[in-house]
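Have a look at model12.cif below; it lists mmCIF, C-alpha atoms.
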```cif
data_start
loop_
_atom_site.label_atom_id
_atom_site.label_comp_id
_atom_site.auth_asym_id
_atom_site.auth_seq_id
_atom_site.Cartn_x
_atom_site.Cartn_y
_atom_site.Cartn_z
CA MET R 1 -165.71 -261.81 32.87
CA GLN R 2 -166.13 -261.78 36.62
CA SER R 3 -163.28 -262.65 38.97
CA ALA R 4 -162.66 -262.29 42.67
CA ARG R 5 -160.68 -259.14 41.94
CA THR R 6 -163.41 -257.53 39.88
CA THR R 7 -166.30 -258.39 42.17
CA LEU R 8 -167.51 -255.28 43.92
CA ARG R 9 -166.94 -255.30 47.63
CA ARG R 10 -169.20 -252.36 48.36
CA LYS R 11 -172.59 -251.47 46.89
CA PRO R 12 -172.70 -254.67 44.83
CA GLY R 13 -176.05 -253.55 43.44
CA ARG R 14 -174.17 -251.04 41.33
CA GLY R 15 -172.07 -253.71 39.63
CA ALA R 16 -172.46 -255.49 36.33
CA HIS R 17 -170.29 -258.07 34.66
CA ASP R 18 -172.24 -258.92 31.52
CA ALA R 19 -170.32 -258.39 28.31
CA ALA R 20 -173.00 -256.21 26.70
CA THR R 21 -172.86 -253.63 29.50
CA VAL R 22 -169.07 -253.66 29.69
CA HIS R 23 -168.69 -253.37 25.92
CA ALA R 24 -171.20 -250.54 25.57
CA ILE R 25 -169.41 -248.42 28.16
CA LEU R 26 -165.99 -249.09 26.66
CA ASP R 27 -167.29 -248.23 23.22
CA GLU R 28 -168.96 -244.99 24.24
CA ALA R 29 -165.93 -243.61 26.09
CA LEU R 30 -163.47 -241.77 23.86
CA VAL R 31 -160.56 -242.03 26.30
CA CYS R 32 -159.51 -244.38 29.04
CA HIS R 33 -157.12 -244.11 31.98
CA LEU R 34 -154.42 -246.73 32.01
CA GLY R 35 -152.70 -247.59 35.29
CA PHE R 36 -149.35 -249.29 35.70
CA ALA R 37 -146.53 -249.19 38.22
CA VAL R 38 -142.83 -248.49 37.88
CA ASP R 39 -140.67 -249.26 40.91
CA GLY R 40 -143.81 -249.38 43.07
CA GLN R 41 -145.06 -245.96 41.95
CA PRO R 42 -148.43 -246.13 40.19
CA TYR R 43 -148.98 -243.99 37.12
CA VAL R 44 -152.35 -243.23 35.54
CA ILE R 45 -152.19 -241.97 31.97
CA PRO R 46 -155.07 -241.01 29.67
CA THR R 47 -155.10 -242.54 26.22
CA ILE R 48 -157.50 -243.56 23.49
CA HIS R 49 -158.62 -247.16 23.28
CA ALA R 50 -160.64 -249.23 20.84
CA ARG R 51 -162.43 -252.51 21.34
CA ARG R 52 -162.75 -255.37 18.89
CA GLU R 53 -164.83 -258.23 20.26
CA ASP R 54 -163.28 -259.16 23.61
CA ARG R 55 -160.01 -257.34 23.13
CA LEU R 56 -158.98 -253.76 23.82
CA TYR R 57 -156.27 -251.98 21.89
CA VAL R 58 -154.14 -249.00 22.84
CA HIS R 59 -151.28 -247.50 20.87
CA GLY R 60 -148.45 -245.05 21.04
CA ALA R 61 -144.99 -244.20 19.85
CA ILE R 62 -142.48 -247.02 20.09
CA ALA R 63 -140.43 -244.94 22.56
CA ASN R 64 -143.46 -244.50 24.85
CA ARG R 65 -142.53 -245.58 28.37
CA MET R 66 -146.02 -246.74 29.35
CA LEU R 67 -146.26 -249.05 26.34
CA ARG R 68 -142.77 -250.41 26.97
CA VAL R 69 -143.66 -251.21 30.59
CA LEU R 70 -146.97 -252.77 29.64
CA ALA R 71 -145.56 -254.75 26.73
CA GLY R 72 -143.09 -256.22 29.21
CA GLY R 73 -146.00 -257.96 30.90
CA ALA R 74 -146.58 -255.66 33.87
CA PRO R 75 -150.04 -255.96 35.41
CA CYS R 76 -152.23 -253.03 34.45
CA CYS R 77 -155.67 -251.56 34.98
CA LEU R 78 -157.63 -249.84 32.24
CA THR R 79 -160.57 -247.76 33.44
CA VAL R 80 -163.16 -245.74 31.55
CA THR R 81 -165.72 -243.47 33.14
CA LEU R 82 -168.74 -241.77 31.62
CA VAL R 83 -170.12 -239.02 33.83
CA ASP R 84 -173.87 -238.87 33.26
CA GLY R 85 -175.11 -236.44 35.85
CA ILE R 86 -174.76 -234.52 39.08
CA VAL R 87 -176.94 -235.85 41.88
CA LEU R 88 -178.11 -233.11 44.22
CA ALA R 89 -179.57 -234.47 47.44
CA ARG R 90 -181.34 -232.73 50.30
CA SER R 91 -178.39 -233.61 52.51
CA ALA R 92 -174.77 -232.79 51.74
CA PHE R 93 -173.95 -236.39 52.65
CA HIS R 94 -175.99 -237.95 49.85
CA HIS R 95 -174.70 -235.82 46.99
CA SER R 96 -173.34 -238.03 44.27
CA VAL R 97 -172.55 -238.41 40.60
CA ASN R 98 -174.34 -240.62 38.11
CA TYR R 99 -171.76 -242.50 36.09
CA ARG R 100 -170.97 -245.65 34.20
CA SER R 101 -167.47 -247.03 34.56
CA VAL R 102 -165.57 -250.13 33.55
CA VAL R 103 -162.42 -251.47 35.19
CA VAL R 104 -160.32 -253.97 33.25
CA LEU R 105 -157.47 -255.84 34.97
CA GLY R 106 -154.86 -257.83 33.15
CA ARG R 107 -151.61 -257.86 31.27
CA ALA R 108 -151.19 -256.44 27.80
CA GLU R 109 -149.29 -257.93 24.91
CA GLU R 110 -147.71 -256.23 21.94
CA VAL R 111 -149.50 -256.91 18.69
CA VAL R 112 -146.96 -258.31 16.26
CA SER R 113 -149.26 -259.57 13.51
CA ALA R 114 -149.34 -256.92 10.77
CA PRO R 115 -153.02 -257.41 9.88
CA GLU R 116 -154.10 -257.27 13.53
CA LYS R 117 -152.00 -254.15 14.08
CA GLU R 118 -153.51 -252.41 11.07
CA GLU R 119 -157.02 -253.37 12.13
CA ALA R 120 -156.39 -252.09 15.64
CA LEU R 121 -155.09 -248.76 14.38
CA ALA R 122 -158.03 -248.44 12.03
CA ALA R 123 -160.36 -249.12 14.96
CA ILE R 124 -158.66 -246.36 16.96
CA VAL R 125 -159.09 -243.87 14.10
CA GLU R 126 -162.70 -245.00 13.75
CA LYS R 127 -163.15 -244.29 17.45
CA THR R 128 -162.50 -240.58 16.86
CA MET R 129 -165.04 -240.46 14.03
CA ARG R 130 -166.97 -243.32 12.57
CA GLY R 131 -166.22 -243.68 8.87
CA ARG R 132 -163.00 -241.71 9.13
CA ASN R 133 -160.65 -244.34 7.72
CA ALA R 134 -162.29 -244.00 4.33
CA LEU R 135 -161.70 -240.25 4.39
CA CYS R 136 -158.00 -239.96 5.22
CA ARG R 137 -154.68 -241.33 4.04
CA PRO R 138 -153.97 -244.79 5.48
CA PRO R 139 -150.73 -245.36 7.40
CA SER R 140 -147.51 -245.93 5.46
CA GLU R 141 -145.10 -248.75 6.26
CA ALA R 142 -142.84 -246.31 8.09
CA GLU R 143 -145.75 -244.98 10.15
CA LEU R 144 -146.79 -248.51 11.08
CA ARG R 145 -143.24 -249.22 12.24
CA ALA R 146 -143.22 -246.04 14.36
CA VAL R 147 -146.25 -247.15 16.37
CA LYS R 148 -146.62 -249.82 18.99
CA VAL R 149 -150.03 -251.43 19.54
CA LEU R 150 -150.94 -253.38 22.66
CA ARG R 151 -153.79 -255.81 23.11
CA LEU R 152 -155.51 -256.21 26.48
CA PRO R 153 -157.98 -259.10 26.74
CA LEU R 154 -161.31 -258.43 28.43
CA ASP R 155 -160.96 -261.49 30.64
CA GLU R 156 -161.29 -259.63 33.93
CA ALA R 157 -163.63 -256.68 33.57
CA SER R 158 -166.45 -255.21 35.56
CA ALA R 159 -168.82 -252.31 35.21
CA LYS R 160 -170.11 -250.07 37.94
CA LEU R 161 -173.01 -247.70 37.49
CA ARG R 162 -175.03 -245.20 39.41
CA THR R 163 -178.28 -244.05 37.91
CA GLY R 164 -181.40 -242.34 39.10
CA PRO R 165 -182.38 -239.71 41.63
CA PRO R 166 -180.74 -238.98 44.97
CA ILE R 167 -181.42 -241.35 47.86
CA ASP R 168 -181.99 -239.22 50.93
CA ASP R 169 -182.58 -240.33 54.49
CA GLU R 170 -186.32 -240.62 55.07
CA PRO R 171 -186.68 -237.63 57.43
CA ASP R 172 -184.82 -235.39 54.97
CA TYR R 173 -187.55 -235.71 52.35
CA ALA R 174 -189.49 -233.15 54.37
CA LEU R 175 -186.74 -230.55 53.89
CA PRO R 176 -187.42 -227.72 51.47
CA HIS R 177 -184.18 -228.13 49.47
CA TRP R 178 -184.34 -228.77 45.74
CA ALA R 179 -183.14 -232.27 44.92
CA GLY R 180 -182.70 -234.13 41.67
CA VAL R 181 -180.28 -234.83 38.87
CA ILE R 182 -178.51 -232.47 36.49
CA PRO R 183 -177.85 -234.57 33.40
CA LEU R 184 -174.47 -233.96 31.78
CA ARG R 185 -173.69 -234.71 28.19
CA THR R 186 -170.79 -234.25 25.85
CA THR R 187 -171.62 -232.68 22.54
CA ALA R 188 -169.65 -231.82 19.44
CA GLY R 189 -169.44 -228.16 18.51
CA GLU R 190 -169.06 -226.58 15.11
CA PRO R 191 -166.13 -228.14 13.25
CA GLU R 192 -163.08 -225.85 13.13
CA PRO R 193 -161.43 -226.31 9.74
CA ASP R 194 -157.65 -226.53 9.65
CA PRO R 195 -156.22 -223.11 8.68
CA ARG R 196 -154.61 -224.69 5.63
CA LEU R 197 -157.82 -226.32 4.40
CA ALA R 198 -159.25 -224.97 1.16
CA PRO R 199 -161.92 -222.39 2.06
CA GLY R 200 -165.40 -223.82 1.91
CA ALA R 201 -164.26 -227.45 1.85
CA PRO R 202 -167.34 -229.43 2.85
CA PHE R 203 -167.38 -231.22 6.20
CA PRO R 204 -167.88 -234.88 5.36
CA HIS R 205 -169.09 -236.36 8.64
CA ASP R 206 -172.38 -236.62 10.50
CA LEU R 207 -171.36 -235.23 13.89
CA GLY R 208 -174.44 -236.16 15.83
CA ARG R 209 -174.12 -239.76 14.71
CA ASP R 210 -170.40 -240.39 14.31
CA ALA R 211 -168.30 -238.16 16.56
CA GLY R 212 -166.47 -240.23 19.15
CA GLY R 213 -167.24 -239.77 22.82
CA THR R 214 -170.33 -237.65 22.29
CA THR R 215 -173.78 -238.39 23.58
CA GLY R 216 -175.60 -235.52 21.96
CA THR R 217 -177.76 -236.29 18.98
CA ALA R 218 -176.95 -233.02 17.27
CA PRO R 219 -174.25 -230.40 17.49
CA PRO R 220 -175.23 -227.29 19.43
CA THR R 221 -176.33 -224.39 17.33
CA ARG R 222 -174.58 -221.08 17.80
CA MET Q 1 -144.18 -228.62 41.46
CA GLN Q 2 -141.83 -230.20 38.94
CA SER Q 3 -139.82 -233.31 39.76
CA ALA Q 4 -137.81 -235.79 37.74
CA ARG Q 5 -140.81 -238.10 37.82
CA THR Q 6 -143.22 -235.50 36.51
CA THR Q 7 -140.98 -234.07 33.79
CA LEU Q 8 -142.27 -235.15 30.41
CA ARG Q 9 -139.99 -237.48 28.57
CA ARG Q 10 -141.73 -237.16 25.24
CA LYS Q 11 -143.18 -234.06 23.54
CA PRO Q 12 -141.97 -231.78 26.34
CA GLY Q 13 -143.55 -228.86 24.49
CA ARG Q 14 -146.91 -230.18 25.66
CA GLY Q 15 -145.96 -230.00 29.33
CA ALA Q 16 -146.62 -227.37 31.96
CA HIS Q 17 -145.75 -227.29 35.63
CA ASP Q 18 -146.94 -223.85 36.71
CA ALA Q 19 -149.45 -223.91 39.52
CA ALA Q 20 -152.03 -221.79 37.72
CA THR Q 21 -152.30 -224.25 34.82
CA VAL Q 22 -152.33 -227.29 37.09
CA HIS Q 23 -154.92 -225.78 39.42
CA ALA Q 24 -157.24 -224.67 36.62
CA ILE Q 25 -157.37 -228.15 35.11
CA LEU Q 26 -157.92 -229.82 38.48
CA ASP Q 27 -160.68 -227.35 39.28
CA GLU Q 28 -162.49 -227.74 35.98
CA ALA Q 29 -162.55 -231.54 36.07
CA LEU Q 30 -165.49 -233.01 37.99
CA VAL Q 31 -163.89 -236.42 38.48
CA CYS Q 32 -160.39 -237.79 38.70
CA HIS Q 33 -158.91 -241.26 38.30
CA LEU Q 34 -156.97 -242.45 41.29
CA GLY Q 35 -154.32 -245.13 40.84
CA PHE Q 36 -152.88 -247.34 43.55
CA ALA Q 37 -151.51 -250.87 43.75
CA VAL Q 38 -152.45 -253.84 45.92
CA ASP Q 39 -150.03 -256.79 45.83
CA GLY Q 40 -148.47 -255.39 42.68
CA GLN Q 41 -151.78 -255.09 40.83
CA PRO Q 42 -152.59 -251.50 39.85
CA TYR Q 43 -156.17 -250.28 40.25
CA VAL Q 44 -157.59 -247.11 38.71
CA ILE Q 45 -160.81 -245.88 40.28
CA PRO Q 46 -162.85 -242.81 39.38
CA THR Q 47 -163.80 -240.48 42.19
CA ILE Q 48 -164.59 -236.85 42.84
CA HIS Q 49 -161.85 -234.56 44.09
CA ALA Q 50 -161.67 -230.99 45.34
CA ARG Q 51 -158.72 -228.65 45.60
CA ARG Q 52 -157.98 -226.13 48.31
CA GLU Q 53 -154.81 -224.16 47.67
CA ASP Q 54 -152.07 -226.74 47.11
CA ARG Q 55 -153.95 -229.72 48.49
CA LEU Q 56 -156.35 -232.17 46.90
CA TYR Q 57 -159.05 -233.96 48.84
CA VAL Q 58 -160.89 -237.18 48.08
CA HIS Q 59 -163.40 -238.96 50.26
CA GLY Q 60 -165.35 -242.13 50.69
CA ALA Q 61 -166.92 -244.52 53.12
CA ILE Q 62 -164.67 -245.60 55.95
CA ALA Q 63 -164.87 -249.20 54.70
CA ASN Q 64 -163.64 -248.17 51.23
CA ARG Q 65 -160.65 -250.29 50.28
CA MET Q 66 -158.98 -247.65 48.12
CA LEU Q 67 -159.04 -245.10 50.92
CA ARG Q 68 -157.73 -247.65 53.40
CA VAL Q 69 -154.81 -248.52 51.12
CA LEU Q 70 -154.04 -244.88 50.41
CA ALA Q 71 -154.37 -243.78 54.04
CA GLY Q 72 -151.79 -246.45 54.82
CA GLY Q 73 -149.24 -244.39 52.90
CA ALA Q 74 -149.16 -246.29 49.62
CA PRO Q 75 -147.82 -244.26 46.69
CA CYS Q 76 -150.60 -243.12 44.41
CA CYS Q 77 -151.27 -241.22 41.21
CA LEU Q 78 -154.24 -238.94 40.74
CA THR Q 79 -155.00 -238.01 37.14
CA VAL Q 80 -157.63 -235.74 35.63
CA THR Q 81 -158.30 -235.36 31.94
CA LEU Q 82 -160.44 -232.83 30.09
CA VAL Q 83 -161.16 -233.87 26.51
CA ASP Q 84 -161.45 -230.70 24.44
CA GLY Q 85 -161.68 -231.93 20.90
CA ILE Q 86 -161.21 -234.53 18.21
CA VAL Q 87 -158.33 -233.77 15.87
CA LEU Q 88 -158.96 -235.03 12.34
CA ALA Q 89 -155.83 -235.03 10.21
CA ARG Q 90 -155.35 -235.75 6.52
CA SER Q 91 -153.40 -238.86 7.50
CA ALA Q 92 -154.69 -241.60 9.80
CA PHE Q 93 -151.34 -241.40 11.60
CA HIS Q 94 -151.78 -237.82 12.77
CA HIS Q 95 -155.26 -238.14 14.19
CA SER Q 96 -155.30 -237.02 17.79
CA VAL Q 97 -157.31 -235.63 20.66
CA ASN Q 98 -157.06 -232.16 22.16
CA TYR Q 99 -156.95 -232.47 25.91
CA ARG Q 100 -155.70 -231.01 29.15
CA SER Q 101 -154.54 -233.42 31.81
CA VAL Q 102 -152.84 -233.28 35.17
CA VAL Q 103 -150.91 -236.08 36.84
CA VAL Q 104 -150.26 -235.85 40.58
CA LEU Q 105 -147.87 -238.27 42.27
CA GLY Q 106 -147.54 -238.67 45.99
CA ARG Q 107 -148.83 -240.23 49.14
CA ALA Q 108 -152.13 -239.32 50.74
CA GLU Q 109 -152.84 -238.81 54.41
CA GLU Q 110 -156.08 -239.16 56.29
CA VAL Q 111 -157.50 -235.84 57.47
CA VAL Q 112 -158.03 -236.09 61.21
CA SER Q 113 -158.66 -232.44 62.04
CA ALA Q 114 -162.43 -231.94 62.29
CA PRO Q 115 -162.43 -228.42 60.77
CA GLU Q 116 -160.23 -229.48 57.86
CA LYS Q 117 -162.41 -232.54 57.26
CA GLU Q 118 -165.58 -230.45 57.22
CA GLU Q 119 -164.03 -227.90 54.89
CA ALA Q 120 -162.86 -230.64 52.54
CA LEU Q 121 -166.30 -232.24 52.42
CA ALA Q 122 -167.88 -228.85 51.81
CA ALA Q 123 -165.43 -228.27 48.96
CA ILE Q 124 -166.41 -231.61 47.44
CA VAL Q 125 -170.12 -230.72 47.60
CA GLU Q 126 -169.29 -227.31 46.13
CA LYS Q 127 -167.52 -229.09 43.29
CA THR Q 128 -170.81 -230.64 42.16
CA MET Q 129 -172.56 -227.26 42.20
CA ARG Q 130 -171.14 -223.96 43.33
CA GLY Q 131 -173.20 -222.55 46.17
CA ARG Q 132 -174.71 -225.90 47.00
CA ASN Q 133 -173.65 -226.07 50.66
CA ALA Q 134 -175.95 -223.19 51.48
CA LEU Q 135 -178.86 -225.05 49.90
CA CYS Q 136 -178.75 -228.45 51.55
CA ARG Q 137 -178.57 -229.97 55.03
CA PRO Q 138 -175.00 -230.00 56.39
CA PRO Q 139 -173.49 -233.30 57.55
CA SER Q 140 -174.39 -234.62 60.99
CA GLU Q 141 -171.81 -235.88 63.45
CA ALA Q 142 -172.68 -239.46 62.53
CA GLU Q 143 -172.30 -238.73 58.82
CA LEU Q 144 -168.92 -237.12 59.40
CA ARG Q 145 -167.80 -240.23 61.28
CA ALA Q 146 -168.97 -242.46 58.41
CA VAL Q 147 -166.71 -240.71 55.90
CA LYS Q 148 -162.97 -240.80 55.48
CA VAL Q 149 -161.23 -237.84 53.85
CA LEU Q 150 -157.74 -238.01 52.41
CA ARG Q 151 -155.41 -235.13 51.59
CA LEU Q 152 -152.94 -235.36 48.73
CA PRO Q 153 -150.40 -232.52 48.51
CA LEU Q 154 -149.72 -231.01 45.08
CA ASP Q 155 -145.98 -231.30 45.54
CA GLU Q 156 -145.39 -233.38 42.45
CA ALA Q 157 -147.79 -232.43 39.71
CA SER Q 158 -147.59 -231.79 36.01
CA ALA Q 159 -149.97 -230.79 33.28
CA LYS Q 160 -149.95 -231.98 29.71
CA LEU Q 161 -151.97 -230.34 26.97
CA ARG Q 162 -152.64 -230.64 23.28
CA THR Q 163 -154.33 -227.74 21.56
CA GLY Q 164 -154.79 -226.52 18.05
CA PRO Q 165 -155.23 -227.99 14.59
CA PRO Q 166 -153.78 -231.24 13.26
CA ILE Q 167 -150.11 -231.32 12.31
CA ASP Q 168 -149.84 -233.21 9.05
CA ASP Q 169 -146.74 -234.17 7.13
CA GLU Q 170 -146.00 -231.44 4.61
CA PRO Q 171 -146.83 -233.43 1.46
CA ASP Q 172 -150.20 -234.45 2.94
CA TYR Q 173 -151.48 -230.86 2.96
CA ALA Q 174 -152.11 -231.30 -0.76
CA LEU Q 175 -154.55 -234.15 -0.08
CA PRO Q 176 -158.26 -233.41 -0.51
CA HIS Q 177 -159.32 -234.76 2.92
CA TRP Q 178 -161.14 -232.51 5.37
CA ALA Q 179 -158.97 -231.75 8.39
CA GLY Q 180 -159.55 -229.76 11.53
CA VAL Q 181 -160.84 -230.00 15.06
CA ILE Q 182 -164.24 -231.02 16.38
CA PRO Q 183 -164.57 -229.21 19.70
CA LEU Q 184 -166.19 -231.23 22.46
CA ARG Q 185 -167.86 -229.75 25.46
CA THR Q 186 -169.81 -231.00 28.42
CA THR Q 187 -173.06 -229.23 29.10
CA ALA Q 188 -175.74 -229.50 31.71
CA GLY Q 189 -179.18 -230.52 30.52
CA GLU Q 190 -182.55 -229.66 31.99
CA PRO Q 191 -182.62 -230.45 35.71
CA GLU Q 192 -184.61 -233.60 36.51
CA PRO Q 193 -186.44 -233.00 39.80
CA ASP Q 194 -186.49 -235.84 42.33
CA PRO Q 195 -189.82 -237.68 42.03
CA ARG Q 196 -190.56 -236.82 45.65
CA LEU Q 197 -189.93 -233.11 45.22
CA ALA Q 198 -192.92 -230.82 45.58
CA PRO Q 199 -194.28 -230.11 42.09
CA GLY Q 200 -193.08 -226.79 40.73
CA ALA Q 201 -190.33 -226.36 43.32
CA PRO Q 202 -188.03 -223.73 41.82
CA PHE Q 203 -184.54 -224.79 40.71
CA PRO Q 204 -182.18 -222.64 42.76
CA HIS Q 205 -178.92 -222.82 40.80
CA ASP Q 206 -177.42 -221.10 37.77
CA LEU Q 207 -176.46 -224.12 35.70
CA GLY Q 208 -174.38 -222.36 33.11
CA ARG Q 209 -172.27 -220.76 35.80
CA ASP Q 210 -172.19 -223.24 38.66
CA ALA Q 211 -172.65 -226.83 37.50
CA GLY Q 212 -169.50 -228.83 38.13
CA GLY Q 213 -167.54 -230.25 35.24
CA THR Q 214 -169.38 -228.33 32.55
CA THR Q 215 -167.84 -226.05 30.00
CA GLY Q 216 -171.00 -224.79 28.38
CA THR Q 217 -172.09 -221.29 29.26
CA ALA Q 218 -175.75 -222.18 29.12
CA PRO Q 219 -177.80 -225.34 29.33
CA PRO Q 220 -178.98 -226.67 26.00
CA THR Q 221 -182.50 -225.73 25.07
CA ARG Q 222 -184.88 -228.48 24.15
#
```
Encoding of this model in structure tokens:
Amino acid sequence: MQSARTTLRRKPGRGAHDAATVHAILDEALVCHLGFAVDGQPYVIPTIHARREDRLYVHGAIANRMLRVLAGGAPCCLTVTLVDGIVLARSAFHHSVNYRSVVVLGRAEEVVSAPEKEEALAAIVEKTMRGRNALCRPPSEAELRAVKVLRLPLDEASAKLRTGPPIDDEPDYALPHWAGVIPLRTTAGEPEPDPRLAPGAPFPHDLGRDAGGTTGTAPPTR
Amino acid sequence: MQSARTTLRRKPGRGAHDAATVHAILDEALVCHLGFAVDGQPYVIPTIHARREDRLYVHGAIANRMLRVLAGGAPCCLTVTLVDGIVLARSAFHHSVNYRSVVVLGRAEEVVSAPEKEEALAAIVEKTMRGRNALCRPPSEAELRAVKVLRLPLDEASAKLRTGPPIDDEPDYALPHWAGVIPLRTTAGEPEPDPRLAPGAPFPHDLGRDAGGTTGTAPPTR
């Protein structure tokens, strides 16, 4: 998936182009940031994405400007970033953030095949909560018509990662300052039932396993 | 801070342009996604930002391509997104994400004033951990020369938010499916001391209060 445009110019040791790494980061991230330009002005808009094999899908209302621009064949950039930790160094200069990010360059196409569109939308619902499609009402014909789905191939994609402890200048290791990593993780809290839900309706999902975008293995206790 | 370009076209009820809302979201987010174009190809790159009054600062190595393009006056878009929850509706169609995002449009300028540059870099360190500048070695002259700092004014900025429970179609409220919100939050885990730190060196920060990008009030217990 490597190209001249997705080859890291700086700190190449932080780069990765293998599909497994790229896919894992895309799959773990709940939202992406999609970049496109209108009249030379870049816009970066958050949205939810889902991957199936080597294709990404995004969706939105048919009137959505971003999707209209992208479906017209404009070049775009889809980026996801997982922030894994705060890196505190002995020197201000070497403070950093541990992260895993993927940058995808390309042009999107509108999905016109009905089965592919339905599969993409199901994948996006599944992204919020694994197993969710079996536990909600599927889209009606009218709802399917109201949504536009775009496909972005993973032809040009690269990952960039920083992991591990701070890297200080050798003399600074003698300084007394605390240094290390503060791991960050996203966890799911106690589900908040819809006010119109029947009281006591059981929560049907396994949050620690299935909630999208979380890295915790269990919800925090109160 | 409102302009024609930052006025929401769709779901205007989700928009906000007041400075307090925009500032709070920018301040809470540890990283932003910065969009710019090179030869018509948009790029979206994650980086850390810091706000001082109505100015945003980003930084990087002087050889950094993004900073070189932006310092040249190219239009850019800086976006931050806080993901607050997963919205599970009774219908697949009304699944959503609760979030708070800010989109800033404009052109950046390189900071050439030494005091402003040092203050911006200190603000960026402070963003990782409040109080951190007092607990690490400040930048040397050589380090300051190795870094480029850009300033982006908050002249054109808008916030967009989704909060609250799912909004289902009226007939769907009779369906038996669980619906509601799964709150997501980012918490700081146990600090991981640098392997070269003196054993037992005390951790000098209050994680629940000062760790950048976290919303938890206390680190998770193991």
*From the list R:Gly72, R:Gly131, R:Pro183, R:Pro176, which residue is nearest chain Q when using all atoms listed in the file?*
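Of all the options, R:Pro183 lies closest to chain Q.
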_Report as a VMD selection string all protein, DNA and RNA residues lying within 7 Å of region 11-28 of chain Q, evaluated on only C-alpha atoms, omitting residues in the same chain fewer than 6 positions from it._
chain Q and resid 1 to 2 51 80 100 to 102 157 to 162 213
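Counting all atoms listed in the file, the residue from R:Arg68, R:Thr128, R:Asp172, R:Ser3 that sits nearest to Val97 (chain Q) is R:Thr128.
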*Pick from Q:Phe36, Q:Tyr57, Q:Phe203, Q:Tyr43, whichever lies nearest to Val125 (chain Q) using all atoms listed in the file*: Q:Tyr57
_Can you spell out as a PyMOL selection string the set of residues that the PyMOL selection byres ((chain Q and resi 33) around 8) selects in the structure I just provided?_
(chain R and resi 33+44) or (chain Q and resi 31-32+34-35+44-47+78-80)
*Given the file shown, determine the residues that the PyMOL selection byres ((chain R) within 7 of (chain Q)) selects; report them as a ChimeraX atom specification.*
/R:35-37,41-44,46,75-77,79,81,86,90-93,95,125,128,133,135-139,143,165,177-194,197,201,203
Quick one: 3 Å padding each side, axis-aligned, all listed atoms of region 34-44 of chain Q - centre and edge lengths in Å to one decimal, as AutoDock Vina command-line options?
```
--center_x -153.0 --center_y -249.6 --center_z 42.3 --size_x 15.1 --size_y 20.3 --size_z 13.2
```
*d(CA of Pro199 (chain Q), CA of Asn98 (chain R)) in Å*: 22.9 Å
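Atom pair CA of His49 (chain R) / CA of Val112 (chain R) has a distance of 17.6 Å (rounded to one decimal).
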*Go ahead and compute the interatomic distance for CA of Val38 (chain Q) and CA of Glu156 (chain R), in Å to one decimal.*
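That distance, rounded to one decimal, is 16.0 Å.
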